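To start, the structure itself, in structure tokens.
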Amino acid sequence: MKHKTVIITTLNDAWAEPGSIFDLFLESFHIGGNQTQKLLNHLVVITWDQKAHARCLALHKHCYQLETKGDNFTSEAFFMTPDYLHMMWRRIEFLGSVLHLGYSFVFTDTDIMWLRDPFKQFYKDADFQIACDFFNGNSHDLHNLPNGGFNYVKSNARTIWFYKFWFNSRKDYPDMHDQDVLNKIKMDPLVSQKKMKIRFLSTDNKVNDLRMLLEDWKKYMALSKDQKKKSHPSWRVPESCRTSFQRSREKKQTKGRL
């Protein structure tokens with residue numbers, strides 16, 4: 001892991017209860033093997049409120065409570081509500097300030113399990129690389145649909161400009177969240193003029209699925225070398241996630257018929 005590179009996630013009280021996704025997230029670093037445990041030294045948890053901050057400090061040593069200027073981000077911010085949009089844009093603004101300080105970062109949602117060191121998989125020549133909701137097989141293709149839950153950004157003049165441009169573009173798209181605005185601006189001529197090197201990552205969440213994944217991984221890692229060679233491990237997940245997209249579509253269709 002390169003010098004002045006940090007791993008960043010965010011946490012508020014709604015997601016900080018014992019036994020929550022945050023606990024599974026931290027546990028994945030401990031049990032993952034393959035040098036993931038040492039990455040905890042580079043993990044900074046950005047907390048949105050005092051309760052989340054206290055919970056973070058009980059589990060991890062690098063916690064930073066973000067100044068929210070009177071905003072209350074304690075409760076769960078439901079998708080596309082004003083609180084949700086404000087929280088997402090505050091996050092983009094903060095990440096831009098991290099780049100300005102000269103730190104590269106990996107931003108990760110807490111529903112991502114760190115079972116292996118991802119830095120060996122990142123593209124060496126990219127300024128900005130991000131996971132996808134839809135990946136078409138070509139990491140250079142701007143028609144891929146980005147997902148802001150996981151990205152690796154190198155601190156340089158191009159990315160510092162880009163995060164300012166991204167944040168300011170919220171005014172042009174006032175009813176969109178950061179991910180959809182990114183999808184709008186990724187093909188903006190200004191981005192290509194700045195010679196921003198964007199790459200897309202091929203990536204495929206529910207507490208139950210994540211817990212099962214960790215259990216499967218623990219069982220595999222507990223095997224001897226000979227047992228690992230002879231075994232034919234398989235994942236039980238996705239279970240909850242397998243049908244979640246279909247359920248979501250069915251709900252939308254049902255709502256449309258009411």
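We name chains A, B, ... following the order of the structure tokens; residues begin at 1 in each chain, and ligands are numbered from 1 as shown.
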Looking only at helix (DSSP H, G or I) from DSSP on the backbone, list the matching residues of stretch 18-235 of chain A as JSON, numbers by chain. {"A": [21, 22, 23, 24, 25, 26, 27, 28, 29, 30, 31, 37, 38, 39, 40, 41, 42, 50, 51, 52, 53, 54, 55, 56, 57, 58, 59, 82, 83, 84, 85, 86, 87, 88, 89, 90, 91, 92, 93, 94, 95, 96, 97, 98, 99, 100, 118, 119, 120, 157, 158, 159, 160, 161, 162, 163, 164, 165, 166, 167, 168, 169, 170, 171, 178, 179, 180, 181, 182, 183, 184, 185, 189, 190, 191, 192, 193, 207, 208, 209, 210, 211, 212, 213, 214, 215, 216, 217, 218, 219, 220, 221, 225, 226, 227, 228, 229, 230]}
Grab the residues selected above and save them as a tab-separated table (two decimals), in the first residue's frame with C-alpha atoms.
```tsv
chain	number	residue	atom	x	y	z
A	21	ILE	CA	-22.91	-4.50	9.06
A	22	PHE	CA	-20.16	-2.33	10.57
A	23	ASP	CA	-19.12	-5.19	12.86
A	24	LEU	CA	-18.99	-7.59	9.92
A	25	PHE	CA	-17.01	-5.05	7.91
A	26	LEU	CA	-14.31	-4.78	10.58
A	27	GLU	CA	-14.30	-8.53	11.16
A	28	SER	CA	-13.58	-9.16	7.50
A	29	PHE	CA	-10.19	-7.42	7.87
A	30	HIS	CA	-9.31	-9.62	10.85
A	31	ILE	CA	-10.24	-12.99	9.36
A	37	GLN	CA	-5.41	-7.21	8.73
A	38	LYS	CA	-2.54	-4.77	8.30
A	39	LEU	CA	-4.83	-2.57	6.20
A	40	LEU	CA	-6.73	-1.71	9.37
A	41	ASN	CA	-3.86	0.63	10.21
A	42	HIS	CA	-4.88	2.67	7.17
A	50	GLN	CA	-21.43	11.40	18.53
A	51	LYS	CA	-23.04	8.00	19.15
A	52	ALA	CA	-21.47	6.53	16.02
A	53	HIS	CA	-18.14	8.08	17.00
A	54	ALA	CA	-18.25	6.46	20.44
A	55	ARG	CA	-19.13	3.11	18.91
A	56	CYS	CA	-16.32	3.45	16.40
A	57	LEU	CA	-13.73	4.22	19.10
A	58	ALA	CA	-14.83	1.11	20.98
A	59	LEU	CA	-13.89	-1.04	17.97
A	82	PRO	CA	-33.25	15.52	1.32
A	83	ASP	CA	-31.20	14.19	4.26
A	84	TYR	CA	-29.81	11.40	2.08
A	85	LEU	CA	-28.81	13.78	-0.72
A	86	HIS	CA	-27.23	16.21	1.72
A	87	MET	CA	-25.23	13.42	3.37
A	88	MET	CA	-23.96	12.10	0.03
A	89	TRP	CA	-22.86	15.51	-1.16
A	90	ARG	CA	-21.20	16.26	2.17
A	91	ARG	CA	-19.28	13.03	1.64
A	92	ILE	CA	-18.10	14.09	-1.83
A	93	GLU	CA	-17.03	17.46	-0.44
A	94	PHE	CA	-15.05	15.78	2.34
A	95	LEU	CA	-13.36	13.30	0.00
A	96	GLY	CA	-12.31	16.21	-2.18
A	97	SER	CA	-10.64	17.82	0.84
A	98	VAL	CA	-8.74	14.55	1.49
A	99	LEU	CA	-7.34	14.71	-2.04
A	100	HIS	CA	-6.45	18.38	-1.54
A	118	PRO	CA	-7.45	-5.01	-3.45
A	119	PHE	CA	-4.43	-2.81	-4.15
A	120	LYS	CA	-2.81	-5.57	-6.18
A	157	ALA	CA	-4.19	17.98	-9.81
A	158	ARG	CA	-6.66	16.17	-12.07
A	159	THR	CA	-8.58	14.41	-9.31
A	160	ILE	CA	-8.60	17.48	-7.04
A	161	TRP	CA	-10.18	19.43	-9.90
A	162	PHE	CA	-12.55	16.58	-10.70
A	163	TYR	CA	-13.98	16.34	-7.17
A	164	LYS	CA	-14.58	20.10	-7.13
A	165	PHE	CA	-16.27	19.83	-10.52
A	166	TRP	CA	-18.36	16.88	-9.32
A	167	PHE	CA	-19.43	18.65	-6.14
A	168	ASN	CA	-20.31	21.88	-7.95
A	169	SER	CA	-22.29	19.95	-10.57
A	170	ARG	CA	-24.93	19.17	-7.91
A	171	LYS	CA	-26.32	22.65	-8.66
A	178	ASP	CA	-23.81	11.99	-6.36
A	179	GLN	CA	-23.70	8.71	-8.28
A	180	ASP	CA	-26.22	9.81	-10.91
A	181	VAL	CA	-24.46	13.15	-11.30
A	182	LEU	CA	-21.19	11.30	-11.83
A	183	ASN	CA	-22.90	9.34	-14.57
A	184	LYS	CA	-23.84	12.65	-16.20
A	185	ILE	CA	-20.47	14.38	-15.96
A	189	PRO	CA	-15.64	17.51	-22.48
A	190	LEU	CA	-13.91	19.22	-19.55
A	191	VAL	CA	-13.10	15.83	-18.04
A	192	SER	CA	-11.40	14.61	-21.20
A	193	GLN	CA	-9.62	17.95	-21.58
A	207	VAL	CA	-26.48	-8.67	6.49
A	208	ASN	CA	-27.48	-12.31	6.18
A	209	ASP	CA	-25.51	-12.81	2.95
A	210	LEU	CA	-22.45	-11.05	4.34
A	211	ARG	CA	-22.51	-13.14	7.52
A	212	MET	CA	-22.77	-16.34	5.47
A	213	LEU	CA	-19.90	-15.21	3.28
A	214	LEU	CA	-17.69	-14.64	6.32
A	215	GLU	CA	-18.63	-18.03	7.76
A	216	ASP	CA	-17.75	-19.75	4.47
A	217	TRP	CA	-14.44	-17.90	4.35
A	218	LYS	CA	-13.59	-18.84	7.96
A	219	LYS	CA	-14.23	-22.50	7.21
A	220	TYR	CA	-12.04	-22.37	4.12
A	221	MET	CA	-9.18	-20.56	5.89
A	225	LYS	CA	-2.98	-26.67	2.81
A	226	ASP	CA	-3.68	-30.25	1.72
A	227	GLN	CA	-7.36	-29.93	2.55
A	228	LYS	CA	-7.58	-26.70	0.57
A	229	LYS	CA	-6.07	-28.41	-2.46
A	230	LYS	CA	-8.48	-31.33	-2.25
```
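Shortest separation to A:Asn12 among A:Leu43, A:Gln65, A:Ser139, A:His60 occurs at residue A:Gln65, atoms counted being only C-alpha atoms.
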Considering only C-alpha atoms, return as a PyMOL selection string whatever protein or nucleic-acid residues lie within 12 Å of A:Asn138, sequence-local ones (same chain, fewer than 6 positions apart) excluded. chain A and resi 132+144-145+198-202
Selected residues written out with C-alpha atoms, as an mmCIF file, in the first residue's frame:
```
data_model
loop_
_atom_site.group_PDB
_atom_site.id
_atom_site.type_symbol
_atom_site.label_atom_id
_atom_site.label_comp_id
_atom_site.auth_asym_id
_atom_site.auth_seq_id
_atom_site.Cartn_x
_atom_site.Cartn_y
_atom_site.Cartn_z
ATOM 1 C CA CYS A 132 -20.048 -0.591 -11.272
ATOM 2 C CA ASN A 144 -20.277 1.535 -17.700
ATOM 3 C CA LEU A 145 -22.624 2.523 -14.869
ATOM 4 C CA ILE A 198 -11.035 6.825 -15.474
ATOM 5 C CA ARG A 199 -11.274 3.047 -15.171
ATOM 6 C CA PHE A 200 -14.221 0.885 -14.126
ATOM 7 C CA LEU A 201 -13.975 -2.115 -11.829
ATOM 8 C CA SER A 202 -15.907 -5.318 -12.307
#
```
Among stretch 99-199 of chain A, which residues carry a DSSP assignment of strand (DSSP E or B), reported as number ranges by chain? A: 104-108, 128-134, 145-153, 198-199
Would you export the selected residues with N, CA, C and O atoms as a CSV table (one decimal), in the first residue's frame, please?
```csv
chain,number,residue,atom,x,y,z
A,104,SER,N,-4.2,10.0,-1.2
A,104,SER,CA,-5.0,9.2,-2.1
A,104,SER,C,-5.9,8.3,-1.2
A,104,SER,O,-5.6,8.2,0.0
A,105,PHE,N,-7.0,7.8,-1.7
A,105,PHE,CA,-7.9,7.1,-0.8
A,105,PHE,C,-8.7,6.0,-1.6
A,105,PHE,O,-8.9,6.1,-2.8
A,106,VAL,N,-9.0,5.0,-0.8
A,106,VAL,CA,-10.1,4.0,-1.3
A,106,VAL,C,-11.3,4.3,-0.4
A,106,VAL,O,-11.2,4.3,0.8
A,107,PHE,N,-12.4,4.7,-1.1
A,107,PHE,CA,-13.6,4.8,-0.3
A,107,PHE,C,-14.4,3.5,-0.5
A,107,PHE,O,-14.5,2.9,-1.6
A,108,THR,N,-14.9,3.0,0.7
A,108,THR,CA,-15.6,1.7,0.7
A,108,THR,C,-16.9,1.8,1.5
A,108,THR,O,-16.8,2.4,2.7
A,128,PHE,N,-8.7,7.7,-11.3
A,128,PHE,CA,-10.0,7.4,-10.7
A,128,PHE,C,-10.6,6.1,-11.2
A,128,PHE,O,-10.8,5.9,-12.4
A,129,GLN,N,-10.7,5.2,-10.2
A,129,GLN,CA,-11.3,3.9,-10.6
A,129,GLN,C,-12.5,3.6,-9.7
A,129,GLN,O,-12.3,3.8,-8.5
A,130,ILE,N,-13.5,3.0,-10.2
A,130,ILE,CA,-14.8,2.9,-9.4
A,130,ILE,C,-15.5,1.6,-9.8
A,130,ILE,O,-15.4,1.1,-10.9
A,131,ALA,N,-16.2,1.1,-8.8
A,131,ALA,CA,-17.0,-0.1,-9.0
A,131,ALA,C,-18.2,0.2,-9.9
A,131,ALA,O,-18.5,1.4,-10.2
A,132,CYS,N,-18.9,-0.8,-10.3
A,132,CYS,CA,-20.0,-0.6,-11.3
A,132,CYS,C,-21.3,-1.2,-10.8
A,132,CYS,O,-21.3,-2.3,-10.2
A,133,ASP,N,-22.4,-0.6,-11.1
A,133,ASP,CA,-23.7,-1.3,-11.1
A,133,ASP,C,-23.9,-2.2,-12.3
A,133,ASP,O,-24.6,-3.2,-12.2
A,134,PHE,N,-23.3,-1.7,-13.4
A,134,PHE,CA,-23.3,-2.6,-14.6
A,134,PHE,C,-22.0,-2.4,-15.3
A,134,PHE,O,-21.5,-1.3,-15.6
A,145,LEU,N,-21.8,1.8,-15.9
A,145,LEU,CA,-22.6,2.5,-14.9
A,145,LEU,C,-21.9,2.5,-13.5
A,145,LEU,O,-21.9,1.4,-12.9
A,146,PRO,N,-21.4,3.6,-13.0
A,146,PRO,CA,-20.6,3.6,-11.8
A,146,PRO,C,-21.4,3.4,-10.5
A,146,PRO,O,-22.6,3.7,-10.5
A,147,ASN,N,-20.8,2.8,-9.5
A,147,ASN,CA,-21.4,2.7,-8.2
A,147,ASN,C,-20.4,3.3,-7.2
A,147,ASN,O,-19.3,2.8,-7.1
A,148,GLY,N,-20.9,4.3,-6.5
A,148,GLY,CA,-20.0,5.1,-5.6
A,148,GLY,C,-19.6,4.4,-4.3
A,148,GLY,O,-18.9,5.0,-3.5
A,149,GLY,N,-20.1,3.1,-4.1
A,149,GLY,CA,-19.8,2.4,-2.9
A,149,GLY,C,-18.4,1.9,-2.8
A,149,GLY,O,-18.0,1.5,-1.7
A,150,PHE,N,-17.6,2.0,-3.9
A,150,PHE,CA,-16.2,1.5,-3.8
A,150,PHE,C,-15.4,2.2,-4.9
A,150,PHE,O,-15.7,2.0,-6.1
A,151,ASN,N,-14.4,3.0,-4.5
A,151,ASN,CA,-13.6,3.6,-5.5
A,151,ASN,C,-12.2,3.9,-5.0
A,151,ASN,O,-12.0,4.1,-3.8
A,152,TYR,N,-11.2,4.0,-5.9
A,152,TYR,CA,-9.8,4.3,-5.5
A,152,TYR,C,-9.4,5.5,-6.3
A,152,TYR,O,-9.5,5.5,-7.6
A,153,VAL,N,-9.0,6.5,-5.6
A,153,VAL,CA,-8.7,7.8,-6.2
A,153,VAL,C,-7.3,8.3,-5.8
A,153,VAL,O,-7.0,8.3,-4.6
A,198,ILE,N,-10.0,7.5,-16.2
A,198,ILE,CA,-11.0,6.8,-15.5
A,198,ILE,C,-11.1,5.4,-15.9
A,198,ILE,O,-11.0,5.0,-17.1
A,199,ARG,N,-11.1,4.5,-14.9
A,199,ARG,CA,-11.3,3.0,-15.2
A,199,ARG,C,-12.4,2.5,-14.3
A,199,ARG,O,-12.7,3.0,-13.2
```
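Taking atom CA of A:Asp109 as the reference point, atom CA of A:Lys61 is found at 18.4 Å.
Of note, atom CA of A:Ala222 and atom CA of A:Ser20 are spaced 24.3 Å apart.
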Between atom CA of A:Phe122 and atom CA of A:Thr5, what distance in Å does the model show, to one decimal? 13.4 Å
